[in-house]
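Participant: First, the structure itself, so that you have it in front of you.
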Amino acid sequence: MKTLAHEDQPWEEWRAGVQTRMLISARNGAAQLCLFEQRVEPAAGAPTHWHPVEEVLTVITGNAEMWIDEEYSGLTAGQSLVVPAFRKHGFRNVGSDTLHVYAVLASSIFEATFEGSAEPVKRWLPAAS
């Protein structure tokens with residue numbers, strides 16, 4: 001049995017106003033999912049992108065505007081959005097406080113293709129042997 005101490009895992013700045021910490025991924029032994037959290041400053045967020053797998057976004061604290069394709073919705077603490085694979089989606093912090101979001105992808109690596117980009121971004125690949 002492997003126990004992971006999340007406080008030991010580093011925060012990374014993915015883009016201005018967005019700090020991300022990967023909790024579970026191929027890097028630390030997961031085979032079928034990854035779990036990460038983000039702290040998002042007001043007006044910042046995730047630009048429109050898609051994944052080849054399903055994703056669940058859960059608001060822990062704050063106020064988010066989330067979208068799938070052209071459909072928009074406001075989410076607050078304790079609410080989640082299920083994003084089907086290959087659907088364009090994103091979110092932004094529409095509140096005045098930090099938005100805290102947990103995300104789960106049905107893959108042990110993070111892979112996303114952003115609008116306007118031909119190549120996907122891949123993160124947290126398995127550690128080299």
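How things are named: the first chain in the structure tokens is A, the next is B, and so on; residues count from 1 in each chain; ligands count from 1 in the order shown.
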As an mmCIF file with C-alpha atoms, in the first residue's frame, please: the residues near A:Gln79 (cut-off 9 Å, only C-alpha atoms, same-chain neighbours under 6 positions excluded).
Facilitator:
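Written out: part.cif:
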```
data_model
loop_
_atom_site.group_PDB
_atom_site.id
_atom_site.type_symbol
_atom_site.label_atom_id
_atom_site.label_comp_id
_atom_site.auth_asym_id
_atom_site.auth_seq_id
_atom_site.Cartn_x
_atom_site.Cartn_y
_atom_site.Cartn_z
ATOM 1 C CA LEU A 57 -14.291 19.674 -12.508
ATOM 2 C CA THR A 58 -15.371 20.350 -8.912
ATOM 3 C CA VAL A 59 -15.479 23.783 -7.280
ATOM 4 C CA ILE A 60 -14.151 23.625 -3.715
#
```
Participant: Here is a test: counting only C-alpha atoms, which residue of A:Glu54, A:His49, A:Glu41, A:Cys34 is nearest to A:Pro120?
Facilitator: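 Smallest separation from A:Pro120 among the options: A:His49.
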Participant: Write out as a VMD selection string all residues of chain A that DSSP puts in strand (DSSP E) for this structure's backbone.
Facilitator: chain A and resid 12 to 15 18 to 24 34 to 40 45 to 50 55 to 61 63 to 68 71 to 76 80 to 83 89 to 93 99 to 105 110 to 114 121 to 123
Participant: Would you pick out the contacts of stretch 99-103 of chain A at 6 Å or less, using only C-alpha atoms, so that residues sharing its chain but fewer than 4 positions from it are not included, and give the list as a list in words?
Facilitator: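 Listing them by chain and then by number gives Leu35, Phe36, Glu37, Gln38, Arg39, Val40, Val56, Leu57, Thr58, Val59, Ile60, Thr61, Gly62 and Asn93 of chain A.
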Participant: Go ahead and save the residues from that selection, with N, CA and C atoms, as a short mmCIF file (atom, residue, chain, number, x, y, z; two decimals), in the first residue's frame.
Facilitator:
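again28.cif, written as the output of this step:
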```cif
data_model
loop_
_atom_site.label_atom_id
_atom_site.label_comp_id
_atom_site.auth_asym_id
_atom_site.auth_seq_id
_atom_site.Cartn_x
_atom_site.Cartn_y
_atom_site.Cartn_z
N LEU A 35 -5.60 13.21 -10.68
CA LEU A 35 -6.34 14.14 -9.84
C LEU A 35 -5.43 15.32 -9.56
N PHE A 36 -5.92 16.53 -9.85
CA PHE A 36 -5.12 17.70 -9.54
C PHE A 36 -6.01 18.81 -9.04
N GLU A 37 -5.38 19.78 -8.37
CA GLU A 37 -6.12 20.92 -7.87
C GLU A 37 -5.51 22.20 -8.43
N GLN A 38 -6.35 23.21 -8.54
CA GLN A 38 -5.90 24.50 -9.04
C GLN A 38 -6.41 25.62 -8.14
N ARG A 39 -5.55 26.62 -7.94
CA ARG A 39 -5.93 27.86 -7.28
C ARG A 39 -5.88 28.92 -8.36
N VAL A 40 -7.02 29.57 -8.57
CA VAL A 40 -7.18 30.47 -9.71
C VAL A 40 -7.55 31.86 -9.22
N VAL A 56 -13.88 15.56 -14.78
CA VAL A 56 -14.82 16.12 -13.81
C VAL A 56 -14.13 17.30 -13.15
N LEU A 57 -14.79 18.46 -13.16
CA LEU A 57 -14.29 19.67 -12.51
C LEU A 57 -15.19 19.96 -11.32
N THR A 58 -14.61 20.10 -10.13
CA THR A 58 -15.37 20.35 -8.91
C THR A 58 -14.88 21.63 -8.26
N VAL A 59 -15.81 22.54 -7.97
CA VAL A 59 -15.48 23.78 -7.28
C VAL A 59 -15.45 23.51 -5.77
N ILE A 60 -14.31 23.79 -5.16
CA ILE A 60 -14.15 23.62 -3.72
C ILE A 60 -14.53 24.93 -3.02
N THR A 61 -13.98 26.04 -3.48
CA THR A 61 -14.36 27.37 -3.00
C THR A 61 -14.33 28.35 -4.17
N GLY A 62 -15.16 29.37 -4.09
CA GLY A 62 -15.16 30.41 -5.10
C GLY A 62 -16.31 30.28 -6.08
N ASN A 93 -12.47 32.20 -13.27
CA ASN A 93 -12.90 32.68 -11.97
C ASN A 93 -13.68 33.97 -12.18
#
```
Participant: I'd like the neighbourhood of A:Lys2 as a short mmCIF file (atom, residue, chain, number, x, y, z; two decimals) with N, CA and C atoms, in the first residue's frame, where a residue qualifies if any of its atoms comes within 12 Å (using only C-alpha atoms), though same-chain residues fewer than 4 positions away should be ignored.
Facilitator:
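The result, written out as result-v1.cif:
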```cif
data_model
loop_
_atom_site.label_atom_id
_atom_site.label_comp_id
_atom_site.auth_asym_id
_atom_site.auth_seq_id
_atom_site.Cartn_x
_atom_site.Cartn_y
_atom_site.Cartn_z
N ILE A 24 -2.44 12.98 -7.97
CA ILE A 24 -2.37 11.57 -8.37
C ILE A 24 -2.15 11.53 -9.88
N ASN A 28 3.17 9.08 -9.92
CA ASN A 28 3.24 8.47 -8.59
C ASN A 28 2.42 7.19 -8.47
N GLY A 29 2.22 6.51 -9.61
CA GLY A 29 1.70 5.15 -9.56
C GLY A 29 0.30 4.91 -10.07
N ALA A 30 -0.46 5.95 -10.44
CA ALA A 30 -1.81 5.73 -10.95
C ALA A 30 -1.76 5.11 -12.34
#
```
